[in-house]
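my_file16.txt (compact mmCIF, C-alpha atoms)
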# COMPACT_ATOMS: atom_id res chain seq x y z
CA MET H 1 -0.10 -14.28 -14.54
CA ALA H 2 -0.39 -13.09 -10.96
CA LEU H 3 1.35 -15.23 -8.33
CA VAL H 4 -0.81 -13.84 -5.51
CA PRO H 5 -3.90 -11.61 -5.25
CA ILE H 6 -2.92 -8.02 -5.91
CA TRP H 7 -4.02 -6.93 -2.43
CA VAL H 8 -1.48 -9.36 -0.96
CA ALA H 9 1.33 -8.00 -3.13
CA VAL H 10 0.37 -4.42 -2.21
CA ALA H 11 0.15 -5.21 1.52
CA CYS H 12 3.56 -6.89 1.44
CA ALA H 13 5.14 -4.00 -0.49
CA LEU H 14 3.67 -1.52 1.99
CA SER H 15 5.13 -3.50 4.89
CA GLN H 16 8.59 -3.15 3.39
CA SER H 17 7.96 0.51 2.67
CA VAL H 18 7.40 0.95 6.40
CA ALA H 19 10.64 -0.91 7.18
CA LEU H 20 12.66 1.19 4.74
CA TYR H 21 11.02 4.41 5.92
CA SER H 22 12.10 3.52 9.44
CA THR H 23 15.63 2.82 8.22
CA PHE H 24 16.01 6.27 6.70
CA ASN H 25 14.06 8.29 9.27
CA PHE H 26 14.35 6.62 12.68
CA ALA H 27 17.55 4.57 12.66
CA VAL H 28 21.05 5.81 13.33
CA PRO H 29 22.69 5.88 9.86
CA ALA H 30 25.39 3.26 9.54
CA ILE H 31 28.00 5.88 8.69
CA ILE H 32 27.27 7.60 12.05
CA ARG H 33 26.69 4.47 14.10
CA VAL H 34 29.77 2.54 12.94
CA PRO H 35 31.74 5.02 10.82
CA GLU H 36 34.80 2.84 10.32
CA CYS H 37 32.88 -0.28 9.38
CA ALA H 38 30.43 1.61 7.13
CA LYS H 39 32.78 4.04 5.44
CA TYR H 40 32.76 2.10 2.15
CA LEU H 41 29.34 0.43 2.07
CA GLY H 42 27.07 2.52 4.28
CA ASN H 43 23.83 0.72 5.12
CA TRP H 44 24.79 -2.17 2.83
CA ILE H 45 26.91 -3.64 5.62
CA TRP H 46 23.63 -4.73 7.25
CA LEU H 47 21.93 -7.95 6.19
CA THR H 48 18.69 -6.27 7.28
CA PHE H 49 19.09 -3.53 4.67
CA HIS H 50 19.77 -6.08 1.95
CA THR H 51 16.71 -8.03 3.04
CA ASN H 52 14.27 -5.15 3.23
CA THR H 53 15.44 -3.73 -0.09
CA ILE H 54 15.20 -7.07 -1.89
CA LEU H 55 11.81 -7.88 -0.36
CA PHE H 56 10.45 -4.47 -1.35
CA SER H 57 11.66 -5.08 -4.91
CA PHE H 58 10.20 -8.61 -4.95
CA TYR H 59 6.79 -7.43 -3.76
CA SER H 60 6.80 -4.44 -6.11
CA PHE H 61 7.48 -6.70 -9.09
CA SER H 62 4.68 -8.94 -7.81
CA ILE H 63 2.32 -5.98 -8.11
CA LEU H 64 3.53 -5.47 -11.66
CA SER H 65 2.96 -9.16 -12.36
CA SER H 66 -0.61 -8.82 -11.09
CA LEU H 67 -1.30 -5.93 -13.45
CA PHE H 68 0.40 -7.11 -16.64
CA SER H 69 1.14 -10.43 -18.32
CA ILE H 70 4.93 -10.70 -18.40
CA PRO H 71 5.93 -14.39 -18.52
CA LEU H 72 9.63 -13.73 -17.89
CA LEU H 73 8.80 -11.68 -14.80
CA ASP H 74 6.51 -14.43 -13.52
CA THR H 75 9.27 -17.00 -13.95
CA LEU H 76 11.81 -14.81 -12.15
CA LEU H 77 9.41 -14.25 -9.25
CA VAL H 78 9.00 -18.00 -8.89
CA VAL H 79 12.77 -18.55 -9.09
CA TYR H 80 13.40 -15.94 -6.40
CA PHE H 81 10.49 -16.83 -4.13
CA PRO H 82 12.60 -19.23 -1.98
CA LEU H 83 15.11 -16.41 -1.43
CA ALA H 84 12.34 -13.98 -0.45
CA PHE H 85 10.87 -16.60 1.88
CA ALA H 86 14.24 -17.34 3.50
CA MET H 87 15.11 -13.65 3.85
CA GLY H 88 11.77 -12.61 5.31
CA THR H 89 11.65 -15.50 7.75
CA PHE H 90 15.25 -15.12 8.89
CA LEU H 91 14.94 -11.34 9.16
CA THR H 92 12.43 -11.70 11.97
CA LEU H 93 13.44 -14.95 13.65
CA GLY H 94 17.19 -14.41 13.31
CA TYR H 95 17.02 -10.85 14.59
CA TYR H 96 15.10 -11.65 17.74
CA LEU H 97 17.10 -14.79 18.46
CA LEU H 98 20.57 -13.43 17.73
CA ASP H 99 20.65 -9.66 17.83
CA HIS H 100 17.83 -7.79 19.57
CA PHE H 101 18.68 -9.01 23.08
CA ASN H 102 22.46 -8.87 22.65
CA PRO H 103 23.81 -6.72 25.53
CA GLU H 104 25.74 -4.53 23.10
CA GLN H 105 22.60 -3.84 21.09
CA ILE H 106 20.57 -3.02 24.19
CA LYS H 107 23.34 -0.65 25.30
CA PHE H 108 23.46 0.91 21.83
CA ARG H 109 19.72 1.63 21.72
CA LYS H 110 19.76 3.15 25.19
CA GLN H 111 22.79 5.36 24.53
CA TRP H 112 21.69 6.64 21.14
CA SER H 113 18.14 7.27 22.31
CA GLN H 114 19.68 9.72 24.75
CA ARG H 115 21.51 11.40 21.85
CA GLY H 116 18.34 12.33 20.00
CA TYR H 117 17.38 9.14 18.18
CA TYR H 118 14.19 8.76 20.17
CA HIS H 119 12.53 6.05 18.09
CA LEU H 120 15.20 3.35 18.12
CA GLU H 121 13.06 0.80 19.94
CA ALA H 122 10.26 1.28 17.43
CA ASP H 123 12.78 1.25 14.59
CA ALA H 124 14.23 -2.08 15.73
CA HIS H 125 10.79 -3.66 15.49
CA LEU H 126 9.69 -1.88 12.29
CA GLN H 127 12.81 -3.00 10.44
CA HIS H 128 12.69 -6.60 11.61
CA SER H 129 9.26 -7.73 12.77
CA LEU H 130 7.41 -7.36 9.45
CA GLY H 131 9.53 -9.71 7.36
CA ALA H 132 8.24 -13.11 8.46
CA PRO H 133 4.51 -12.35 8.82
CA PHE H 134 4.21 -10.80 5.38
CA VAL H 135 6.32 -13.33 3.49
CA TRP H 136 4.20 -16.05 5.09
CA LEU H 137 1.08 -14.14 4.06
CA TYR H 138 2.45 -14.09 0.52
CA ALA H 139 3.18 -17.82 0.65
CA TYR H 140 -0.28 -18.64 1.98
CA PHE H 141 -2.02 -16.91 -0.93
CA LEU H 142 0.18 -18.24 -3.74
CA TYR H 143 -1.83 -19.17 -6.82
CA PRO H 144 -1.11 -22.39 -8.72
CA SER H 145 1.13 -21.29 -11.58
CA GLY H 146 2.09 -24.44 -13.43
CA LEU H 147 5.74 -23.65 -12.65
CA THR H 148 8.14 -25.55 -10.42
CA ILE H 149 11.24 -24.87 -8.35
CA THR H 150 14.15 -27.31 -8.27
CA HIS H 151 16.36 -28.05 -5.29
CA PHE H 152 19.32 -26.80 -7.33
CA ASN H 153 17.49 -23.51 -7.86
CA VAL H 154 17.18 -23.06 -4.09
CA VAL H 155 20.80 -23.90 -3.34
CA PHE H 156 22.08 -21.71 -6.18
CA VAL H 157 19.90 -18.65 -5.52
CA VAL H 158 19.53 -18.72 -1.73
CA GLY H 159 22.98 -20.10 -0.94
CA GLY H 160 24.45 -17.86 -3.61
CA PHE H 161 23.02 -14.71 -2.07
CA PHE H 162 24.24 -15.55 1.42
CA VAL H 163 27.72 -16.44 0.17
CA PHE H 164 27.73 -13.10 -1.69
CA TYR H 165 26.89 -11.30 1.57
CA LEU H 166 29.61 -13.18 3.45
CA ILE H 167 32.16 -12.28 0.78
CA GLN H 168 31.06 -8.67 1.02
CA ILE H 169 31.50 -8.41 4.79
CA HIS H 170 34.83 -10.24 4.63
CA ILE H 171 36.13 -7.78 2.04
CA ASN H 172 34.78 -4.97 4.19
CA TYR H 173 36.56 -6.47 7.22
CA TYR H 174 39.79 -6.68 5.22
CA LEU H 175 39.47 -2.96 4.45
CA THR H 176 38.23 -1.75 7.85
CA GLU H 177 39.06 -4.49 10.38
CA LYS H 178 35.48 -4.22 11.63
CA TRP H 179 32.56 -6.65 11.64
CA PRO H 180 29.02 -5.25 11.32
CA TYR H 181 27.44 -7.32 14.12
CA PRO H 182 28.46 -7.70 17.79
CA ILE H 183 27.66 -11.41 17.74
CA LEU H 184 30.62 -11.98 15.39
CA TYR H 185 32.96 -10.63 18.05
CA ASP H 186 31.18 -12.85 20.59
CA MET H 187 31.93 -15.87 18.38
CA GLU H 188 35.59 -14.87 18.09
CA ASN H 189 35.85 -14.44 21.86
CA MET H 190 34.40 -17.91 22.32
CA GLY H 191 36.57 -19.77 19.84
CA GLY H 192 38.47 -17.49 17.52
CA ALA H 193 38.16 -17.58 13.75
CA LEU H 194 37.09 -21.24 13.87
CA ALA H 195 33.97 -20.43 15.92
CA ARG H 196 33.18 -17.40 13.76
CA ASN H 197 33.49 -19.38 10.53
CA ALA H 198 31.43 -22.24 11.95
CA PHE H 199 28.78 -19.64 12.74
CA PHE H 200 28.86 -18.46 9.11
CA VAL H 201 28.51 -22.03 7.84
CA ALA H 202 25.59 -22.63 10.18
CA LEU H 203 23.85 -19.45 9.04
CA THR H 204 24.32 -20.41 5.40
CA GLY H 205 22.80 -23.81 6.13
CA ILE H 206 19.86 -22.19 7.91
CA TYR H 207 19.27 -19.84 4.99
CA VAL H 208 19.27 -22.71 2.50
CA ALA H 209 17.01 -24.79 4.76
CA LEU H 210 14.54 -21.90 4.95
CA GLY H 211 14.71 -21.61 1.17
CA LEU H 212 13.91 -25.30 0.85
CA GLY H 213 10.99 -24.73 3.19
CA GLY H 214 9.79 -21.97 0.89
CA ARG H 215 10.12 -24.33 -2.06
CA ALA H 216 8.07 -26.98 -0.25
CA ILE H 217 5.31 -24.47 0.44
CA PHE H 218 5.36 -23.29 -3.17
CA GLN H 219 5.16 -26.84 -4.50
CA TYR H 220 2.30 -27.61 -2.10
CA ARG H 221 0.38 -24.56 -3.28
CA GLN H 222 0.81 -25.72 -6.88
CA SER H 223 -1.27 -28.78 -6.05
CA GLY H 224 -4.24 -26.52 -5.57

Re-express the file's structure as structure tokens.
Amino acid sequence: MALVPIWVAVACALSQSVALYSTFNFAVPAIIRVPECAKYLGNWIWLTFHTNTILFSFYSFSILSSLFSIPLLDTLLVVYFPLAFAMGTFLTLGYYLLDHFNPEQIKFRKQWSQRGYYHLEADAHLQHSLGAPFVWLYAYFLYPSGLTITHFNVVFVVGGFFVFYLIQIHINYYLTEKWPYPILYDMENMGGALARNAFFVALTGIYVALGLGGRAIFQYRQSG
């Protein structure tokens, strides 16, 4: 039972292929860019890398669902749709609101472009700008499936992923004493650990709210 037309699943998977291609061919590898912070996890320190990898997997399994009847796969795609929706939406909106125009990031792109990474501006957009448009395309073309998503599902899956990521970067910080994003240092400079942790709580709430938005869209599409 396909959740979306196969051309939609293919287009979405291709968009994430472009993002991942950019990651591995245009971006400064994490182990070079922030060697201390990335020495244990590499690119997995970045929420962007988690997002693009998970979205590529989600869309690829959606192609499989369009080609073959696998009820368990269909159910899992429905269960994880709110996470995909939250990740894709936040990838684009969160990046441009919180990270792209950060002075440290602007400085980074300028400096490393002069060191031979000539496509960093393009890479910044290729990794982050495709998430929201294509996950919304996917949502728009959802077929009625007869399945439903509970609020608990959203909180457990979406909130659970983001808490997992926060645990990961805290463990990484314990091992390296480095945060992956400049904005976290900005928060600490503004109000110490309290401001930083409040920022984490707010981001978790935003992620869950986006997931609930994805659920609402899914439930609306089920009405035909």

Q: Between H:Leu73, H:Gly213, H:Val208, H:Tyr173, single out the one closest to Val155 in chain H, counting only C-alpha atoms.
A: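 Among the listed residues, H:Val208 lies closest to Val155 in chain H.
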
(Q) Need to verify the contact set: Val158 in chain H, 7 Å, only C-alpha atoms, exclusion of same-chain residues closer than 5 positions in sequence. Can you return it as an NGL selection string? (A) :H and (82-83 or 207-208 or 211)

Would you give me, as a tab-separated table, each residue of range 4-78 of chain H having an atom within 9 Å of an atom of range 99-121 of chain H, along with its shortest atom pair and that distance in Å to one decimal, using all atoms listed in the file and sorting by chain and residue number?
residue	atom	partner	partner_atom	distance
H:Phe26	CA	H:His119	CA	5.7
H:Ala27	CA	H:Leu120	CA	6.1
H:Val28	CA	H:Tyr117	CA	6.9
H:Arg33	CA	H:Trp112	CA	8.9

Q) In Å, with one decimal, what is the gap from CA of Ala84 in chain H to CA of Val8 in chain H? A) 14.6 Å

Q | Residue nearest Val78 in chain H among H:Trp46, H:Phe58, H:Val10, H:Leu166 (counting all atoms listed in the file) | A |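 Closest to Val78 in chain H of all the choices is H:Phe58.
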
Q) Between H:Val18, H:Ala195, H:Leu147, H:Leu184, which has the minimum distance to Leu98 in chain H (counting only C-alpha atoms)? A)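 Of all the options, H:Leu184 lies closest to Leu98 in chain H.
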
Q: Might you pull out every residue within 7 Å of Gly146 in chain H, with all atoms listed in the file counted and same-chain residues fewer than 2 positions away left off, and present them as a list in words?
A: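 Surrounding residues, per the criterion: Pro144, Thr148 and Gln222 of chain H.
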
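Shortest atom-to-atom contact with Leu47 in chain H among H:Gly214, H:Gly94, H:Gly159, H:Pro71: H:Gly94, counting only C-alpha atoms.
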
**Q.** Selected residue, from H:Tyr165, H:Ile45, H:Phe68, H:Gly88, that lies nearest to Thr204 in chain H when counting only C-alpha atoms
**A.** H:Tyr165

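CA of Thr92 in chain H is positioned 12.7 Å from CA of Gln16 in chain H.
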
(Q) Please compute the CA of Trp7 in chain H-CA of Ala122 in chain H distance, one decimal, in Å. (A)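 CA of Ala122 in chain H lies 25.8 Å from CA of Trp7 in chain H.
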
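Compared by their closest atoms to Ala38 in chain H, and using all atoms listed in the file, the residues H:Met187, H:Ala216, H:Ile149, H:Leu175 rank with H:Leu175 nearest.
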
Q | Selection near Leu210 in chain H, 8 Å with only C-alpha atoms, sequence-local residues under 4 positions removed, as an MDAnalysis selection string | A | chainID H and resid 82 85:86 89:90 206 214

Q) If we count all atoms listed in the file, what is near Leu55 in chain H at a cut-off of 12 Å, once residues fewer than 4 positions away on the same chain are taken out, given as a ChimeraX atom specification? A) /H:9,12-20,48-51,59-62,77,80-89,91,127,130-132,134-135,138

Writer output for current selection, C-alpha atoms, as a PDB file, in the coordinates of the input:
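Result file is part-v2.pdb:
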ATOM      1  CA  ALA H   9       1.330  -8.000  -3.130  1.00  0.00           C
ATOM      2  CA  CYS H  12       3.560  -6.890   1.440  1.00  0.00           C
ATOM      3  CA  ALA H  13       5.140  -4.000  -0.490  1.00  0.00           C
ATOM      4  CA  LEU H  14       3.670  -1.520   1.990  1.00  0.00           C
ATOM      5  CA  SER H  15       5.130  -3.500   4.890  1.00  0.00           C
ATOM      6  CA  GLN H  16       8.590  -3.150   3.390  1.00  0.00           C
ATOM      7  CA  SER H  17       7.960   0.510   2.670  1.00  0.00           C
ATOM      8  CA  VAL H  18       7.400   0.950   6.400  1.00  0.00           C
ATOM      9  CA  ALA H  19      10.640  -0.910   7.180  1.00  0.00           C
ATOM     10  CA  LEU H  20      12.660   1.190   4.740  1.00  0.00           C
ATOM     11  CA  THR H  48      18.690  -6.270   7.280  1.00  0.00           C
ATOM     12  CA  PHE H  49      19.090  -3.530   4.670  1.00  0.00           C
ATOM     13  CA  HIS H  50      19.770  -6.080   1.950  1.00  0.00           C
ATOM     14  CA  THR H  51      16.710  -8.030   3.040  1.00  0.00           C
ATOM     15  CA  TYR H  59       6.790  -7.430  -3.760  1.00  0.00           C
ATOM     16  CA  SER H  60       6.800  -4.440  -6.110  1.00  0.00           C
ATOM     17  CA  PHE H  61       7.480  -6.700  -9.090  1.00  0.00           C
ATOM     18  CA  SER H  62       4.680  -8.940  -7.810  1.00  0.00           C
ATOM     19  CA  LEU H  77       9.410 -14.250  -9.250  1.00  0.00           C
ATOM     20  CA  TYR H  80      13.400 -15.940  -6.400  1.00  0.00           C
ATOM     21  CA  PHE H  81      10.490 -16.830  -4.130  1.00  0.00           C
ATOM     22  CA  PRO H  82      12.600 -19.230  -1.980  1.00  0.00           C
ATOM     23  CA  LEU H  83      15.110 -16.410  -1.430  1.00  0.00           C
ATOM     24  CA  ALA H  84      12.340 -13.980  -0.450  1.00  0.00           C
ATOM     25  CA  PHE H  85      10.870 -16.600   1.880  1.00  0.00           C
ATOM     26  CA  ALA H  86      14.240 -17.340   3.500  1.00  0.00           C
ATOM     27  CA  MET H  87      15.110 -13.650   3.850  1.00  0.00           C
ATOM     28  CA  GLY H  88      11.770 -12.610   5.310  1.00  0.00           C
ATOM     29  CA  THR H  89      11.650 -15.500   7.750  1.00  0.00           C
ATOM     30  CA  LEU H  91      14.940 -11.340   9.160  1.00  0.00           C
ATOM     31  CA  GLN H 127      12.810  -3.000  10.440  1.00  0.00           C
ATOM     32  CA  LEU H 130       7.410  -7.360   9.450  1.00  0.00           C
ATOM     33  CA  GLY H 131       9.530  -9.710   7.360  1.00  0.00           C
ATOM     34  CA  ALA H 132       8.240 -13.110   8.460  1.00  0.00           C
ATOM     35  CA  PHE H 134       4.210 -10.800   5.380  1.00  0.00           C
ATOM     36  CA  VAL H 135       6.320 -13.330   3.490  1.00  0.00           C
ATOM     37  CA  TYR H 138       2.450 -14.090   0.520  1.00  0.00           C
TER      38      TYR H 138
END
